[in-house]
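A.B. asks: What follows is final13.tsv, TSV, C-alpha atoms.
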chain	number	residue	atom	x	y	z
A	1	MET	CA	0.00	0.00	0.00
A	2	ALA	CA	1.25	3.47	-0.84
A	3	ASP	CA	2.51	5.61	2.01
A	4	PRO	CA	-0.33	8.05	2.76
A	5	ILE	CA	2.16	10.89	3.12
A	6	GLU	CA	3.15	10.40	-0.54
A	7	THR	CA	-0.54	11.01	-1.34
A	8	ALA	CA	-0.37	14.24	0.61
A	9	LEU	CA	2.71	15.32	-1.32
A	10	ASP	CA	1.18	14.46	-4.69
A	11	ALA	CA	-1.49	17.14	-4.23
A	12	ILE	CA	0.98	19.88	-3.38
A	13	ASN	CA	2.40	22.03	-6.17
A	14	PHE	CA	5.90	22.80	-5.03
A	15	GLY	CA	7.44	25.69	-6.97
A	16	THR	CA	10.44	25.48	-9.27
A	17	ASP	CA	12.56	26.06	-6.15
A	18	GLY	CA	10.90	23.03	-4.53
A	19	LEU	CA	9.10	25.15	-1.96
A	20	VAL	CA	5.54	25.96	-1.02
A	21	ALA	CA	4.34	28.84	1.19
A	22	ALA	CA	2.97	27.80	4.58
A	23	ILE	CA	0.91	29.93	6.94
A	24	ALA	CA	0.73	29.07	10.60
A	25	GLN	CA	-2.51	30.00	12.31
A	26	GLN	CA	-3.27	29.47	16.00
A	27	HIS	CA	-6.05	26.90	15.79
A	28	ASP	CA	-8.47	28.36	18.33
A	29	SER	CA	-8.00	32.14	18.16
A	30	GLY	CA	-7.46	32.43	14.39
A	31	GLU	CA	-4.34	34.57	14.94
A	32	ILE	CA	-1.90	34.45	12.02
A	33	LEU	CA	1.41	33.59	13.61
A	34	MET	CA	3.87	33.52	10.71
A	35	VAL	CA	4.54	32.61	7.11
A	36	ALA	CA	7.42	30.36	6.13
A	37	TRP	CA	8.35	27.76	3.51
A	38	MET	CA	8.19	24.00	3.26
A	39	ASN	CA	9.83	21.52	0.91
A	40	GLN	CA	8.75	17.89	0.50
A	41	GLU	CA	10.79	16.70	3.44
A	42	ALA	CA	9.42	19.43	5.70
A	43	VAL	CA	5.85	18.35	4.87
A	44	ARG	CA	6.78	14.72	5.45
A	45	LEU	CA	8.30	15.45	8.84
A	46	THR	CA	5.44	17.73	9.88
A	47	LEU	CA	2.82	15.09	9.12
A	48	SER	CA	4.77	12.20	10.62
A	49	GLU	CA	5.97	13.96	13.77
A	50	GLY	CA	2.95	16.19	14.45
A	51	ARG	CA	5.14	19.22	15.01
A	52	VAL	CA	5.81	21.80	12.34
A	53	CYS	CA	9.01	21.66	10.34
A	54	TYR	CA	9.88	24.31	7.74
A	55	TRP	CA	12.64	24.80	5.21
A	56	SER	CA	14.80	27.75	6.15
A	57	ARG	CA	15.69	29.65	2.98
A	58	SER	CA	18.34	31.73	4.76
A	59	ARG	CA	20.06	28.76	6.38
A	60	GLN	CA	19.20	26.30	3.56
A	61	LYS	CA	18.24	23.57	5.98
A	62	LEU	CA	15.26	21.93	7.60
A	63	TRP	CA	14.04	23.84	10.61
A	64	ARG	CA	11.89	22.17	13.23
A	65	LYS	CA	10.16	25.20	14.66
A	66	GLY	CA	11.28	25.59	18.26
A	67	GLU	CA	14.38	23.39	17.99
A	68	THR	CA	16.52	26.23	19.41
A	69	SER	CA	13.95	28.50	21.04
A	70	GLY	CA	11.66	25.82	22.49
A	71	GLN	CA	8.70	27.61	20.88
A	72	VAL	CA	7.27	24.53	19.18
A	73	GLN	CA	4.26	24.52	16.86
A	74	TRP	CA	2.13	21.42	17.36
A	75	LEU	CA	0.13	20.53	14.27
A	76	ARG	CA	-3.63	20.31	14.70
A	77	GLU	CA	-4.51	20.16	10.99
A	78	MET	CA	-2.89	20.73	7.62
A	79	ARG	CA	-4.99	22.30	4.86
A	80	LEU	CA	-4.26	22.91	1.21
A	81	ASP	CA	-5.59	25.59	-1.09
A	82	CYS	CA	-7.45	25.22	-4.38
A	83	ASP	CA	-4.40	25.27	-6.63
A	84	GLY	CA	-2.18	23.37	-4.21
A	85	ASP	CA	0.49	26.03	-3.88
A	86	ALA	CA	-0.18	27.24	-0.34
A	87	ILE	CA	-0.52	25.32	2.91
A	88	LEU	CA	-2.42	26.39	5.99
A	89	LEU	CA	-1.18	24.92	9.26
A	90	LEU	CA	-3.58	25.04	12.18
A	91	VAL	CA	-1.30	24.83	15.19
A	92	GLN	CA	-0.97	25.07	18.92
A	93	GLN	CA	1.87	27.52	19.41
A	94	ASP	CA	4.02	27.06	22.50
A	95	GLY	CA	5.02	30.52	23.68
A	96	VAL	CA	5.75	33.02	20.92
A	97	ALA	CA	6.09	32.47	17.18
A	98	CYS	CA	8.31	35.42	16.24
A	99	HIS	CA	12.08	35.52	16.65
A	100	THR	CA	11.68	39.06	18.04
A	101	GLY	CA	9.87	37.58	21.05
A	102	ARG	CA	6.45	38.70	19.86
A	103	ARG	CA	3.50	36.34	19.73
A	104	ASN	CA	3.23	36.71	15.94
A	105	CYS	CA	5.38	38.12	13.15
A	106	PHE	CA	2.83	40.59	11.74
A	107	PHE	CA	3.39	43.37	14.27
A	108	ARG	CA	3.71	46.25	11.78
A	109	ALA	CA	0.49	47.86	10.57
A	110	TRP	CA	0.18	50.51	7.88
A	111	ARG	CA	-1.75	53.36	9.53
A	112	ASP	CA	-1.99	57.03	8.52
A	113	GLY	CA	0.87	56.84	6.08
A	114	GLY	CA	3.41	54.97	8.18
A	115	TRP	CA	4.29	51.58	9.62
A	116	VAL	CA	3.20	51.37	13.26
A	117	THR	CA	4.40	48.71	15.71
A	118	ILE	CA	1.25	47.23	17.21
A	119	ALA	CA	2.70	44.53	19.48
A	120	GLU	CA	5.60	44.37	21.89
A	121	PRO	CA	7.89	41.43	22.68
A	122	GLN	CA	6.58	39.10	25.36
A	123	VAL	CA	9.93	37.39	25.81
A	124	ASP	CA	13.49	38.67	25.52
A	125	PRO	CA	14.73	37.14	22.26
A	126	GLU	CA	18.19	36.69	23.77
A	127	LYS	CA	16.65	34.31	26.27
A	128	LEU	CA	14.99	32.36	23.46
A	129	TYR	CA	18.20	31.85	21.52
A	130	ARG	CA	20.79	31.65	24.29
A	131	ARG	CA	23.13	28.74	23.54
A	132	LYS	CA	23.22	26.05	26.14
A	133	ALA	CA	26.65	25.56	27.75
B	1	MET	CA	7.46	65.43	0.92
B	2	ALA	CA	7.98	61.79	0.02
B	3	ASP	CA	4.94	59.85	-1.06
B	4	PRO	CA	3.92	57.79	1.99
B	5	ILE	CA	3.32	54.77	-0.22
B	6	GLU	CA	7.00	54.78	-1.16
B	7	THR	CA	7.71	54.49	2.58
B	8	ALA	CA	5.44	51.46	2.69
B	9	LEU	CA	7.28	49.89	-0.23
B	10	ASP	CA	10.71	50.55	1.28
B	11	ALA	CA	9.95	48.22	4.19
B	12	ILE	CA	8.86	45.33	1.99
B	13	ASN	CA	11.42	42.79	0.86
B	14	PHE	CA	10.24	41.78	-2.58
B	15	GLY	CA	11.89	38.58	-3.80
B	16	THR	CA	14.22	38.24	-6.75
B	17	ASP	CA	11.07	37.77	-8.86
B	18	GLY	CA	9.76	41.10	-7.55
B	19	LEU	CA	6.96	39.44	-5.59
B	20	VAL	CA	5.91	39.08	-1.98
B	21	ALA	CA	3.42	36.58	-0.54
B	22	ALA	CA	0.14	38.09	0.65
B	23	ILE	CA	-2.42	36.42	2.88
B	24	ALA	CA	-5.99	37.67	2.91
B	25	GLN	CA	-7.81	37.24	6.20
B	26	GLN	CA	-11.43	38.21	6.84
B	27	HIS	CA	-10.98	41.04	9.35
B	28	ASP	CA	-13.69	40.09	11.85
B	29	SER	CA	-13.89	36.28	11.76
B	30	GLY	CA	-10.17	35.56	11.33
B	31	GLU	CA	-10.91	33.18	8.42
B	32	ILE	CA	-7.97	32.75	6.05
B	33	LEU	CA	-9.44	33.41	2.63
B	34	MET	CA	-6.53	32.94	0.22
B	35	VAL	CA	-2.85	33.43	-0.47
B	36	ALA	CA	-1.62	35.27	-3.55
B	37	TRP	CA	1.25	37.49	-4.67
B	38	MET	CA	1.89	41.20	-4.90
B	39	ASN	CA	4.49	43.25	-6.73
B	40	GLN	CA	5.26	46.91	-6.00
B	41	GLU	CA	2.47	48.18	-8.21
B	42	ALA	CA	-0.07	45.84	-6.62
B	43	VAL	CA	0.84	47.18	-3.16
B	44	ARG	CA	0.63	50.75	-4.45
B	45	LEU	CA	-2.81	50.22	-5.96
B	46	THR	CA	-4.09	48.34	-2.91
B	47	LEU	CA	-3.09	51.15	-0.54
B	48	SER	CA	-4.27	53.95	-2.79
B	49	GLU	CA	-7.59	52.41	-3.88
B	50	GLY	CA	-8.49	50.58	-0.66
B	51	ARG	CA	-9.34	47.40	-2.55
B	52	VAL	CA	-6.96	44.51	-2.90
B	53	CYS	CA	-4.92	44.14	-6.07
B	54	TYR	CA	-2.59	41.16	-6.62
B	55	TRP	CA	-0.10	40.15	-9.28
B	56	SER	CA	-1.32	37.10	-11.14
B	57	ARG	CA	1.64	34.80	-11.78
B	58	SER	CA	-0.33	32.65	-14.22
B	59	ARG	CA	-1.61	35.59	-16.26
B	60	GLN	CA	1.44	37.81	-15.61
B	61	LYS	CA	-0.68	40.87	-14.97
B	62	LEU	CA	-2.17	42.97	-12.21
B	63	TRP	CA	-5.37	41.51	-10.87
B	64	ARG	CA	-7.82	43.63	-8.94
B	65	LYS	CA	-9.56	40.94	-6.95
B	66	GLY	CA	-13.18	40.80	-8.08
B	67	GLU	CA	-12.68	42.63	-11.38
B	68	THR	CA	-14.33	39.75	-13.25
B	69	SER	CA	-16.21	37.93	-10.49
B	70	GLY	CA	-17.40	40.94	-8.52
B	71	GLN	CA	-16.01	39.32	-5.36
B	72	VAL	CA	-14.02	42.35	-4.22
B	73	GLN	CA	-11.73	42.43	-1.18
B	74	TRP	CA	-11.92	45.77	0.62
B	75	LEU	CA	-8.77	46.55	2.57
B	76	ARG	CA	-9.20	47.19	6.30
B	77	GLU	CA	-5.52	47.05	7.22
B	78	MET	CA	-2.20	45.98	5.73
B	79	ARG	CA	0.36	44.37	8.03
B	80	LEU	CA	3.94	43.33	7.42
B	81	ASP	CA	5.95	40.57	9.06
B	82	CYS	CA	9.25	40.80	10.92
B	83	ASP	CA	11.49	40.22	7.94
B	84	GLY	CA	9.30	42.11	5.51
B	85	ASP	CA	8.71	39.26	3.11
B	86	ALA	CA	5.07	38.48	3.83
B	87	ILE	CA	2.03	40.73	3.91
B	88	LEU	CA	-1.16	40.17	5.86
B	89	LEU	CA	-4.26	41.82	4.41
B	90	LEU	CA	-7.19	42.25	6.76
B	91	VAL	CA	-10.14	42.52	4.43
B	92	GLN	CA	-13.88	42.63	4.05
B	93	GLN	CA	-14.59	39.95	1.44
B	94	ASP	CA	-17.60	40.51	-0.79
B	95	GLY	CA	-19.13	37.09	-1.46
B	96	VAL	CA	-16.63	34.28	-1.88
B	97	ALA	CA	-12.84	34.42	-2.21
B	98	CYS	CA	-12.19	31.18	-4.10
B	99	HIS	CA	-12.58	30.73	-7.85
B	100	THR	CA	-14.32	27.41	-7.11
B	101	GLY	CA	-17.18	29.35	-5.51
B	102	ARG	CA	-16.13	28.48	-1.98
B	103	ARG	CA	-15.79	31.11	0.71
B	104	ASN	CA	-12.06	30.38	1.09
B	105	CYS	CA	-9.42	28.49	-0.85
B	106	PHE	CA	-8.28	26.16	1.96
B	107	PHE	CA	-11.05	23.61	1.64
B	108	ARG	CA	-8.88	20.48	1.65
B	109	ALA	CA	-7.87	19.09	5.04
B	110	TRP	CA	-5.46	16.22	5.67
B	111	ARG	CA	-7.41	13.76	7.83
B	112	ASP	CA	-6.79	10.06	8.47
B	113	GLY	CA	-4.32	9.71	5.64
B	114	GLY	CA	-6.20	11.51	2.88
B	115	TRP	CA	-7.28	14.93	1.64
B	116	VAL	CA	-10.88	15.60	2.65
B	117	THR	CA	-13.03	18.37	1.15
B	118	ILE	CA	-14.41	20.31	4.11
B	119	ALA	CA	-16.38	23.06	2.35
B	120	GLU	CA	-18.75	23.16	-0.59
B	121	PRO	CA	-19.20	25.92	-3.17
B	122	GLN	CA	-21.66	28.62	-2.15
B	123	VAL	CA	-21.90	30.00	-5.68
B	124	ASP	CA	-21.72	28.32	-9.08
B	125	PRO	CA	-18.31	29.39	-10.41
B	126	GLU	CA	-19.74	29.62	-13.91
B	127	LYS	CA	-22.01	32.38	-12.67
B	128	LEU	CA	-19.03	34.21	-11.19
B	129	TYR	CA	-17.03	34.18	-14.39
B	130	ARG	CA	-19.73	34.33	-17.05
B	131	ARG	CA	-18.71	36.88	-19.66
B	132	LYS	CA	-21.05	39.77	-20.00
B	133	ALA	CA	-22.65	40.04	-23.47
Show this structure as structure tokens.
C.D. replies:
Amino acid sequence: MADPIETALDAINFGTDGLVAAIAQQHDSGEILMVAWMNQEAVRLTLSEGRVCYWSRSRQKLWRKGETSGQVQWLREMRLDCDGDAILLLVQQDGVACHTGRRNCFFRAWRDGGWVTIAEPQVDPEKLYRRKA
Amino acid sequence: MADPIETALDAINFGTDGLVAAIAQQHDSGEILMVAWMNQEAVRLTLSEGRVCYWSRSRQKLWRKGETSGQVQWLREMRLDCDGDAILLLVQQDGVACHTGRRNCFFRAWRDGGWVTIAEPQVDPEKLYRRKA
């Protein structure tokens, strides 16, 4: 029998760079936490492990969300859009999603002709990323 | 004085293809409606007209959402993420967002090893896209 995860992958239209956009949404509040990218392996790991794994374009490696910061995203449901080129991840976010220490990454709003910061860090980012001795 | 919209554009990190991912979210319910792409001109038009304009990758042209279907997205607020490469559009969606006639594009959910359709069309798509005589 075919691996069900291969069926999942078949429906996803990865771009020429092998990536698909993924949006993480807190499952109960509807808050948009972040947007990142997934390749085939990231989707595979996310579905098999139940915690969200992305592909980091800047570091060019798989990135299990929270592997350094501890701010894990637990997958509640994966959804796919009509043309298969965007993924919606309904998640339970441990702590904060943004590397700045804010709950979500969309903390700049365009208001009255300028970008306004509408959320403050809840955690000191240095504490999130402090290397263990 | 500098055009404020140029200030908006300065903060956005358009990719090498000149595009940035944009997520449309219904402003009051939190429903994720769709994901599409914007170039500089699409952002300019969206901010100046107050209705959402995307860049259609398949048609390689600007696409004022609803120009054919009538299903316009009225901008309530534009937000930008921490690294400036994703835009969140809080909108008032007229009618349905998806070209299939569904309210939103994310109508496939991965459940028990298969993709399950979790929403049905509310409008016949042929009615949305019927050419006027």
A.B. asks: Once you count only C-alpha atoms, what closest atom pair and distance in Å to one decimal does each residue of segment 48-69 of chain B within 10 Å of segment 9-25 of chain B have, with rows by chain and rising residue number, as a tab-separated table?
C.D. replies:
residue	atom	partner	partner_atom	distance
B:Val52	CA	B:Ala24	CA	9.0
B:Tyr54	CA	B:Ala22	CA	8.4
B:Trp55	CA	B:Leu19	CA	8.0
B:Arg57	CA	B:Leu19	CA	9.4
A.B. asks: With a distance threshold of 6 Å and counting only C-alpha atoms, extract the residues of chain A near chain B and express them as a PyMOL selection string.
C.D. replies: chain A and resi 4+30+78-82+105-106+108-110+113
A.B. asks: Hand me chain B as it sits after a least-squares fit onto chain A over every Cα, paired in order, written as an mmCIF file with C-alpha atoms, in the coordinates of the input.
C.D. replies:
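To be explicit, this is the file written out as part-v7.cif:
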data_model
loop_
_atom_site.group_PDB
_atom_site.id
_atom_site.type_symbol
_atom_site.label_atom_id
_atom_site.label_comp_id
_atom_site.auth_asym_id
_atom_site.auth_seq_id
_atom_site.Cartn_x
_atom_site.Cartn_y
_atom_site.Cartn_z
ATOM 1 C CA MET B 1 -0.028 0.027 0.018
ATOM 2 C CA ALA B 2 1.243 3.487 -0.846
ATOM 3 C CA ASP B 3 2.493 5.605 2.005
ATOM 4 C CA PRO B 4 -0.338 8.054 2.760
ATOM 5 C CA ILE B 5 2.165 10.881 3.095
ATOM 6 C CA GLU B 6 3.126 10.404 -0.548
ATOM 7 C CA THR B 7 -0.559 10.998 -1.350
ATOM 8 C CA ALA B 8 -0.376 14.237 0.604
ATOM 9 C CA LEU B 9 2.704 15.310 -1.331
ATOM 10 C CA ASP B 10 1.160 14.463 -4.704
ATOM 11 C CA ALA B 11 -1.502 17.140 -4.232
ATOM 12 C CA ILE B 12 0.974 19.888 -3.397
ATOM 13 C CA ASN B 13 2.377 22.029 -6.176
ATOM 14 C CA PHE B 14 5.893 22.801 -5.042
ATOM 15 C CA GLY B 15 7.446 25.678 -6.980
ATOM 16 C CA THR B 16 10.433 25.482 -9.280
ATOM 17 C CA ASP B 17 12.556 26.052 -6.155
ATOM 18 C CA GLY B 18 10.903 23.020 -4.543
ATOM 19 C CA LEU B 19 9.102 25.144 -1.958
ATOM 20 C CA VAL B 20 5.539 25.971 -1.014
ATOM 21 C CA ALA B 21 4.344 28.842 1.189
ATOM 22 C CA ALA B 22 2.981 27.799 4.581
ATOM 23 C CA ILE B 23 0.914 29.935 6.922
ATOM 24 C CA ALA B 24 0.729 29.062 10.597
ATOM 25 C CA GLN B 25 -2.513 30.003 12.307
ATOM 26 C CA GLN B 26 -3.276 29.473 15.993
ATOM 27 C CA HIS B 27 -6.059 26.880 15.783
ATOM 28 C CA ASP B 28 -8.469 28.346 18.340
ATOM 29 C CA SER B 29 -7.992 32.129 18.161
ATOM 30 C CA GLY B 30 -7.462 32.422 14.396
ATOM 31 C CA GLU B 31 -4.330 34.559 14.947
ATOM 32 C CA ILE B 32 -1.906 34.448 12.021
ATOM 33 C CA LEU B 33 1.417 33.598 13.610
ATOM 34 C CA MET B 34 3.885 33.526 10.711
ATOM 35 C CA VAL B 35 4.549 32.600 7.111
ATOM 36 C CA ALA B 36 7.434 30.343 6.126
ATOM 37 C CA TRP B 37 8.343 27.743 3.512
ATOM 38 C CA MET B 38 8.197 23.984 3.249
ATOM 39 C CA ASN B 39 9.827 21.507 0.899
ATOM 40 C CA GLN B 40 8.733 17.881 0.485
ATOM 41 C CA GLU B 41 10.780 16.682 3.426
ATOM 42 C CA ALA B 42 9.418 19.415 5.692
ATOM 43 C CA VAL B 43 5.847 18.347 4.858
ATOM 44 C CA ARG B 44 6.763 14.704 5.446
ATOM 45 C CA LEU B 45 8.293 15.423 8.842
ATOM 46 C CA THR B 46 5.442 17.721 9.874
ATOM 47 C CA LEU B 47 2.805 15.079 9.117
ATOM 48 C CA SER B 48 4.747 12.199 10.610
ATOM 49 C CA GLU B 49 5.964 13.948 13.779
ATOM 50 C CA GLY B 50 2.941 16.176 14.435
ATOM 51 C CA ARG B 51 5.140 19.218 14.997
ATOM 52 C CA VAL B 52 5.802 21.803 12.348
ATOM 53 C CA CYS B 53 9.008 21.643 10.338
ATOM 54 C CA TYR B 54 9.878 24.302 7.732
ATOM 55 C CA TRP B 55 12.646 24.781 5.202
ATOM 56 C CA SER B 56 14.799 27.735 6.145
ATOM 57 C CA ARG B 57 15.693 29.648 2.982
ATOM 58 C CA SER B 58 18.325 31.729 4.771
ATOM 59 C CA ARG B 59 20.044 28.742 6.374
ATOM 60 C CA GLN B 60 19.194 26.303 3.550
ATOM 61 C CA LYS B 61 18.228 23.553 5.952
ATOM 62 C CA LEU B 62 15.257 21.903 7.595
ATOM 63 C CA TRP B 63 14.049 23.807 10.609
ATOM 64 C CA ARG B 64 11.894 22.151 13.223
ATOM 65 C CA LYS B 65 10.176 25.190 14.651
ATOM 66 C CA GLY B 66 11.287 25.580 18.258
ATOM 67 C CA GLU B 67 14.386 23.385 18.002
ATOM 68 C CA THR B 68 16.528 26.213 19.390
ATOM 69 C CA SER B 69 13.955 28.483 21.030
ATOM 70 C CA GLY B 70 11.678 25.823 22.478
ATOM 71 C CA GLN B 71 8.711 27.605 20.878
ATOM 72 C CA VAL B 72 7.282 24.520 19.180
ATOM 73 C CA GLN B 73 4.268 24.517 16.855
ATOM 74 C CA TRP B 74 2.134 21.412 17.345
ATOM 75 C CA LEU B 75 0.138 20.519 14.254
ATOM 76 C CA ARG B 76 -3.641 20.305 14.679
ATOM 77 C CA GLU B 77 -4.514 20.165 10.988
ATOM 78 C CA MET B 78 -2.897 20.739 7.605
ATOM 79 C CA ARG B 79 -5.001 22.306 4.857
ATOM 80 C CA LEU B 80 -4.261 22.913 1.202
ATOM 81 C CA ASP B 81 -5.594 25.607 -1.102
ATOM 82 C CA CYS B 82 -7.443 25.234 -4.395
ATOM 83 C CA ASP B 83 -4.403 25.281 -6.628
ATOM 84 C CA GLY B 84 -2.195 23.386 -4.218
ATOM 85 C CA ASP B 85 0.479 26.024 -3.872
ATOM 86 C CA ALA B 86 -0.185 27.236 -0.341
ATOM 87 C CA ILE B 87 -0.518 25.324 2.906
ATOM 88 C CA LEU B 88 -2.424 26.397 5.989
ATOM 89 C CA LEU B 89 -1.174 24.931 9.263
ATOM 90 C CA LEU B 90 -3.578 25.038 12.179
ATOM 91 C CA VAL B 91 -1.310 24.834 15.182
ATOM 92 C CA GLN B 92 -0.972 25.064 18.921
ATOM 93 C CA GLN B 93 1.893 27.525 19.407
ATOM 94 C CA ASP B 94 4.032 27.049 22.497
ATOM 95 C CA GLY B 95 5.036 30.521 23.690
ATOM 96 C CA VAL B 96 5.760 33.007 20.930
ATOM 97 C CA ALA B 97 6.103 32.453 17.180
ATOM 98 C CA CYS B 98 8.319 35.403 16.244
ATOM 99 C CA HIS B 99 12.092 35.509 16.654
ATOM 100 C CA THR B 100 11.683 39.045 18.041
ATOM 101 C CA GLY B 101 9.871 37.576 21.051
ATOM 102 C CA ARG B 102 6.457 38.687 19.857
ATOM 103 C CA ARG B 103 3.514 36.321 19.733
ATOM 104 C CA ASN B 104 3.239 36.706 15.942
ATOM 105 C CA CYS B 105 5.382 38.114 13.162
ATOM 106 C CA PHE B 106 2.834 40.589 11.746
ATOM 107 C CA PHE B 107 3.392 43.360 14.253
ATOM 108 C CA ARG B 108 3.719 46.240 11.782
ATOM 109 C CA ALA B 109 0.496 47.856 10.578
ATOM 110 C CA TRP B 110 0.181 50.517 7.883
ATOM 111 C CA ARG B 111 -1.730 53.367 9.540
ATOM 112 C CA ASP B 112 -1.984 57.031 8.543
ATOM 113 C CA GLY B 113 0.886 56.842 6.101
ATOM 114 C CA GLY B 114 3.433 54.972 8.200
ATOM 115 C CA TRP B 115 4.308 51.570 9.637
ATOM 116 C CA VAL B 116 3.208 51.373 13.268
ATOM 117 C CA THR B 117 4.400 48.697 15.709
ATOM 118 C CA ILE B 118 1.247 47.215 17.223
ATOM 119 C CA ALA B 119 2.702 44.514 19.488
ATOM 120 C CA GLU B 120 5.598 44.358 21.908
ATOM 121 C CA PRO B 121 7.879 41.411 22.677
ATOM 122 C CA GLN B 122 6.570 39.090 25.375
ATOM 123 C CA VAL B 123 9.938 37.392 25.814
ATOM 124 C CA ASP B 124 13.493 38.693 25.528
ATOM 125 C CA PRO B 125 14.733 37.155 22.266
ATOM 126 C CA GLU B 126 18.180 36.719 23.774
ATOM 127 C CA LYS B 127 16.647 34.341 26.286
ATOM 128 C CA LEU B 128 15.010 32.379 23.477
ATOM 129 C CA TYR B 129 18.211 31.883 21.541
ATOM 130 C CA ARG B 130 20.822 31.739 24.290
ATOM 131 C CA ARG B 131 23.165 28.848 23.575
ATOM 132 C CA LYS B 132 23.190 26.190 26.198
ATOM 133 C CA ALA B 133 26.602 25.734 27.878
#
A.B. asks: If you count all atoms listed in the file, which residues fall within 8 Å of Leu128 of chain A, apart from same-chain ones fewer than 2 positions away, as an MDAnalysis selection string?
C.D. replies: chainID A and resid 68:70 101 123:126 130
A.B. asks: Grab the atom CA of Ala119 of chain A to atom CA of Gly95 of chain A distance for me, in Å with one decimal place.
C.D. replies: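 These atoms are spaced 14.8 Å apart.
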